[in-house]
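Chemist: Provided herewith is a single structure, encoded as structure tokens, for subsequent inquiry.
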Number of protein chains: 2
Amino acid sequence: MDVRRLDLLRELAERGSVTAVAEATGRTPSAVSQQLKVLEREAGAPLTERSGRGIVLTSAGQALARSAADVAIALARADAVWDEFRNDPSGEVTLLTFPTIGATMLPAVLTELQQVPGLVVRATDFDPELAEFAELTADYDIVLAHTMPGVLPWGGRGLRVVPLLTEPLDIGLPATHRLAGRSHLTASDLVEETWLGVPPGFPFERILHAIEQQGGRRVEIAQRFSDMRIVEAFIQAGFGVAFVPRYTSGSLPPELVLKPLRGVPSARQIVALVRPDVAERLAVRTVLDVLVAKAAELGAGGAGTGA
Amino acid sequence: MDVRRLDLLRELAERGSVTAVAEATGRTPSAVSQQLKVLEREAGAPLTERSGRGIVLTSAGQALARSAADVAIALARADAVWDEFRNDPSGEVTLLTFPTIGATMLPAVLTELQQVPGLVVRATDFDPELAEFAELTADYDIVLAHTMPGVLPWGGRGLRVVPLLTEPLDIGLPATHRLAGRSHLTASDLVEETWLGVPPGFPFERILHAIEQQGGRRVEIAQRFSDMRIVEAFIQAGFGVAFVPRYTSGSLPPELVLKPLRGVPSARQIVALVRPDVAERLAVRTVLDVLVAKAAELGAGGAGTGA
DNA sequence: CACATCCATGTAGCGATGCTACATCGTCAG
DNA sequence: CTGACGATGTAGCATCGCTACATGGATGTG
């Protein structure tokens, strides 16, 4: 039972195709196929079977892949213990962020992490419309994701979920709006408004549905954007109101005001998703620690200005 | 961090010399030395340093070796899960036994294990005078050992200790002896006797010292043997009395009787020692299960005849 | 004190292993 | 039916880990 081959099987379980594993590991599909064949011979039972054009794991294959994941964790832990022993988090940590938190928190995080010698963070942002957060953990060490509280769609896959911040979603209004003087808003205030929504399927939608339920009628959604900059610009220009995350929007222009929503729970949960084996690495844990700390600062500071 | 190299470091931590590791793993010392050198380069810190003719692990090396042991466990567990999945304990289990238990229990154990297809047990006995039980776990999957209750000299090394049997040590007398009619014996009965002892350093000695303390004088030890057959023959021939393990002596001739000792705790603890990584293997666990079961039978049945 | 011995390590060379490049075969879509 | 895609076979090549042999330092002995 060679470890490298087991790891290949683990990748196959995650990615689902020989070609994808080959790309991810920098090999040709032929090489992957050969190694899996050897593993199958060693194991003494078929691990994959053809399914249309591709292959799927047999139940035996799935069982072995689970063990392979445990081995990967133990191996990563050995690395981590070693890093810790040398007190030197080594290597590169890749991080995927969605835009809002990327703009607000990441600069401070990376600044702090510059002081750790030998630690390199490679951050990338991504279009949240494509967000299949869980699958992205196969390609990035840390994936920053957001969801509604209570909904953790990625809990089941054995991912480690590190909560960073529970961020209230306020209502963004132009400073000239009739509701701009209020200390807070309710559902009935808002059902009359024209809204700037998010693309269908985004988590924010649920809150809008809750507002519709409480307000007793459907709201009008004029435009749908995922980019907050665009949304803010449209609010300022008077095209509607929208949810604006309280802490992670950065400094807002004076023409735009945020008002908390009452009566409808409106918040998003910001978490870091990590595969359990990469979570063992000291370098990764170091980055996670700073993320948690900075998020806490943001929550404390932001709560003061927002209330 | 290659696993094979880590495993070599683990072996080095256990065996203490490159040559020993080479012999144990079927390689030349040169090969081992080269691989350790590569590992050292990968790790980025010296793992060994010269000490006289040989080498010793640095503290860094010890730390890494500990992690290597954890990796070995995870890997063995993967094997075990796989074996269990196929419901087929595979491979060979090597077992080291001391003579008494080897004669009494092992035949029944191996008979039962013959019914498990694909499982091969290779048993060896060894001269208990050489007994450094713990070190022998490096070369054998299961090492049967005995010690006095409360004394577990091998607890500290991270070995798994599976208790099999607490076996009373009775006093063996010739059937013609003046004490042969008693239902039990005490220390004061025995300090007058001529004894057949064990070689110096054997665990039984402690009990003899306790008898001397309670009896108020030193006993005379005429001969010292480790082989129970010889001891039994000498008892029969009237050369003295001796400790005889109650259950594991097999069928005794009628010229020899066993009498329990009162007032002095006299028992030995029979255990199986297993390295934690090999303890994960299903094949090994299967053998252990049968050992435990047969030992329990022996204890139950033997207690009936002995009391 | 020289010598033999033991242990680790360095060097050259060989064989196994794992990869790439390319070809093939089956499956699905237009 | 044809083109694209995905898995898998084959040949060849580079790398890696091993052996055989030589070297050098430390130890204990005649």
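Labeling convention for the structure tokens: chains A, B, ... as they appear, residues from 1 per chain, ligands from 1 in order of appearance.
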Pick out the chain A residues within 9 Å of chain C. Count only C-alpha atoms (C1' of nucleotides). Give them as an NGL selection string.

Modeler: :A and (27-28 or 30-31 or 35 or 52-54)

Chemist: For the residues in that selection, give me all heavy atoms as a CSV table (one decimal), in the first residue's frame.

Modeler:
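The result, written out as part.csv:
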chain,number,residue,atom,x,y,z
A,27,ARG,N,0.4,15.7,-13.8
A,27,ARG,CA,0.8,14.5,-14.5
A,27,ARG,C,-0.1,14.3,-15.7
A,27,ARG,O,-1.0,15.0,-16.0
A,27,ARG,CB,0.7,13.3,-13.6
A,27,ARG,CG,1.7,13.2,-12.6
A,27,ARG,CD,1.6,11.9,-11.8
A,27,ARG,NE,0.9,12.2,-10.6
A,27,ARG,CZ,1.4,12.0,-9.4
A,27,ARG,NH1,2.6,11.5,-9.3
A,27,ARG,NH2,0.7,12.3,-8.3
A,28,THR,N,0.3,13.3,-16.5
A,28,THR,CA,-0.6,12.9,-17.6
A,28,THR,C,-1.7,11.9,-17.1
A,28,THR,O,-1.4,11.2,-16.1
A,28,THR,CB,0.2,12.2,-18.7
A,28,THR,OG1,0.9,11.1,-18.2
A,28,THR,CG2,1.2,13.2,-19.4
A,30,SER,N,-2.5,9.2,-18.3
A,30,SER,CA,-1.9,7.9,-18.4
A,30,SER,C,-1.2,7.5,-17.1
A,30,SER,O,-1.4,6.4,-16.6
A,30,SER,CB,-1.0,7.8,-19.6
A,30,SER,OG,-0.5,6.5,-19.7
A,31,ALA,N,-0.4,8.4,-16.6
A,31,ALA,CA,0.4,8.1,-15.4
A,31,ALA,C,-0.6,7.8,-14.3
A,31,ALA,O,-0.4,6.8,-13.5
A,31,ALA,CB,1.3,9.3,-15.1
A,35,GLN,N,-0.9,4.2,-12.2
A,35,GLN,CA,-0.7,4.1,-10.7
A,35,GLN,C,-2.0,3.5,-10.1
A,35,GLN,O,-1.9,2.7,-9.1
A,35,GLN,CB,-0.4,5.4,-10.1
A,35,GLN,CG,1.0,6.0,-10.6
A,35,GLN,CD,2.1,4.9,-10.4
A,35,GLN,OE1,2.2,4.3,-9.4
A,35,GLN,NE2,2.8,4.6,-11.5
A,52,GLY,N,-20.1,5.3,-18.2
A,52,GLY,CA,-20.2,6.1,-19.4
A,52,GLY,C,-18.7,6.4,-19.9
A,52,GLY,O,-17.9,5.5,-20.0
A,53,ARG,N,-18.5,7.7,-20.1
A,53,ARG,CA,-17.1,8.0,-20.6
A,53,ARG,C,-16.1,7.9,-19.4
A,53,ARG,O,-14.9,7.7,-19.7
A,53,ARG,CB,-17.1,9.4,-21.2
A,53,ARG,CG,-17.6,9.5,-22.6
A,53,ARG,CD,-17.2,10.7,-23.2
A,53,ARG,NE,-18.2,11.8,-23.0
A,53,ARG,CZ,-18.6,12.7,-23.9
A,53,ARG,NH1,-18.1,12.6,-25.1
A,53,ARG,NH2,-19.4,13.6,-23.6
A,54,GLY,N,-16.6,8.2,-18.2
A,54,GLY,CA,-15.6,8.3,-17.1
A,54,GLY,C,-15.6,7.1,-16.2
A,54,GLY,O,-16.0,6.0,-16.7

Chemist: Residues of chain D near chain A: apply a cut-off of 7 Å, count only C-alpha atoms (C1' of nucleotides), and supply the list as a list in words.

Modeler: DG6, DA7 and DT8 of chain D

Chemist: Once you count only C-alpha atoms, which residues of chain B turn out to be within 12 Å of chain A? Could you give them as a ChimeraX atom specification?

Modeler: /B:1-4,6-7,42-47,59-88,90

Chemist: Using only C-alpha atoms, find the one residue out of B:Glu192, B:Glu212, B:Glu132, B:Glu167 that sits nearest to B:Leu273.

Modeler: B:Glu132

Chemist: Would you list the contacts of A:Phe133 as a list in words, taking every protein, DNA or RNA residue within 9 Å and counting only C-alpha atoms (C1' of nucleotides), but skipping same-chain residues closer than 6 positions in sequence?

Modeler: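 Counting only C-alpha atoms (C1' of nucleotides), the residues come to Val143, Leu144, Ala145, His146, Trp154 and Leu273 of chain A.
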
Chemist: Would you please extract all strand (DSSP E) residues from stretch 134-191 of chain B, as assigned by DSSP on the backbone, and give them as a PyMOL selection string?

Modeler: chain B and resi 142-147+160-174

Chemist: Would you please extract all alpha helix (DSSP H) residues from stretch 121-188 of chain A, as assigned by DSSP on the backbone, and give them as a list in words?

Modeler: Phe133, Ala134, Glu135, Leu136, Ala187 and Ser188 of chain A

Chemist: Using only C-alpha atoms, find the one residue out of A:Val264, A:Arg246, A:Pro199, A:Gly238 that sits nearest to A:Gly215.

Modeler: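 Under the stated criterion, the closest residue is A:Val264.
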
Chemist: Report, in Å to a single decimal, how far apart atom C1' of D:DC18 and atom CA of B:Arg41 are.

Modeler: 19.3 Å

Chemist: So that I can see what lies close to B:Gly263, please list as a PDB file with C-alpha atoms, in the first residue's frame the residues with an atom at most 12 Å from it, counting only C-alpha atoms (C1' of nucleotides) and leaving out residues fewer than 3 positions away in the same chain.

Modeler:
ATOM      1  CA  HIS B 184      -2.305 -24.030  51.559  1.00  0.00           C
ATOM      2  CA  LEU B 185       1.089 -22.828  52.692  1.00  0.00           C
ATOM      3  CA  THR B 186       2.417 -19.682  54.382  1.00  0.00           C
ATOM      4  CA  ALA B 187       5.773 -17.954  54.424  1.00  0.00           C
ATOM      5  CA  SER B 188       6.762 -19.464  57.732  1.00  0.00           C
ATOM      6  CA  ASP B 189       6.165 -22.942  56.347  1.00  0.00           C
ATOM      7  CA  LEU B 190       8.580 -22.272  53.563  1.00  0.00           C
ATOM      8  CA  ILE B 207       8.261 -13.155  45.853  1.00  0.00           C
ATOM      9  CA  ALA B 210       8.827 -11.332  50.400  1.00  0.00           C
ATOM     10  CA  ILE B 211       8.764 -14.827  51.872  1.00  0.00           C
ATOM     11  CA  GLN B 213      10.866 -10.965  54.970  1.00  0.00           C
ATOM     12  CA  GLN B 214       7.720 -12.518  56.385  1.00  0.00           C
ATOM     13  CA  GLY B 215       9.471 -15.681  57.486  1.00  0.00           C
ATOM     14  CA  PRO B 260      -1.354 -22.224  46.980  1.00  0.00           C
ATOM     15  CA  SER B 266       2.310 -14.561  44.349  1.00  0.00           C
TER      16      SER B 266
END
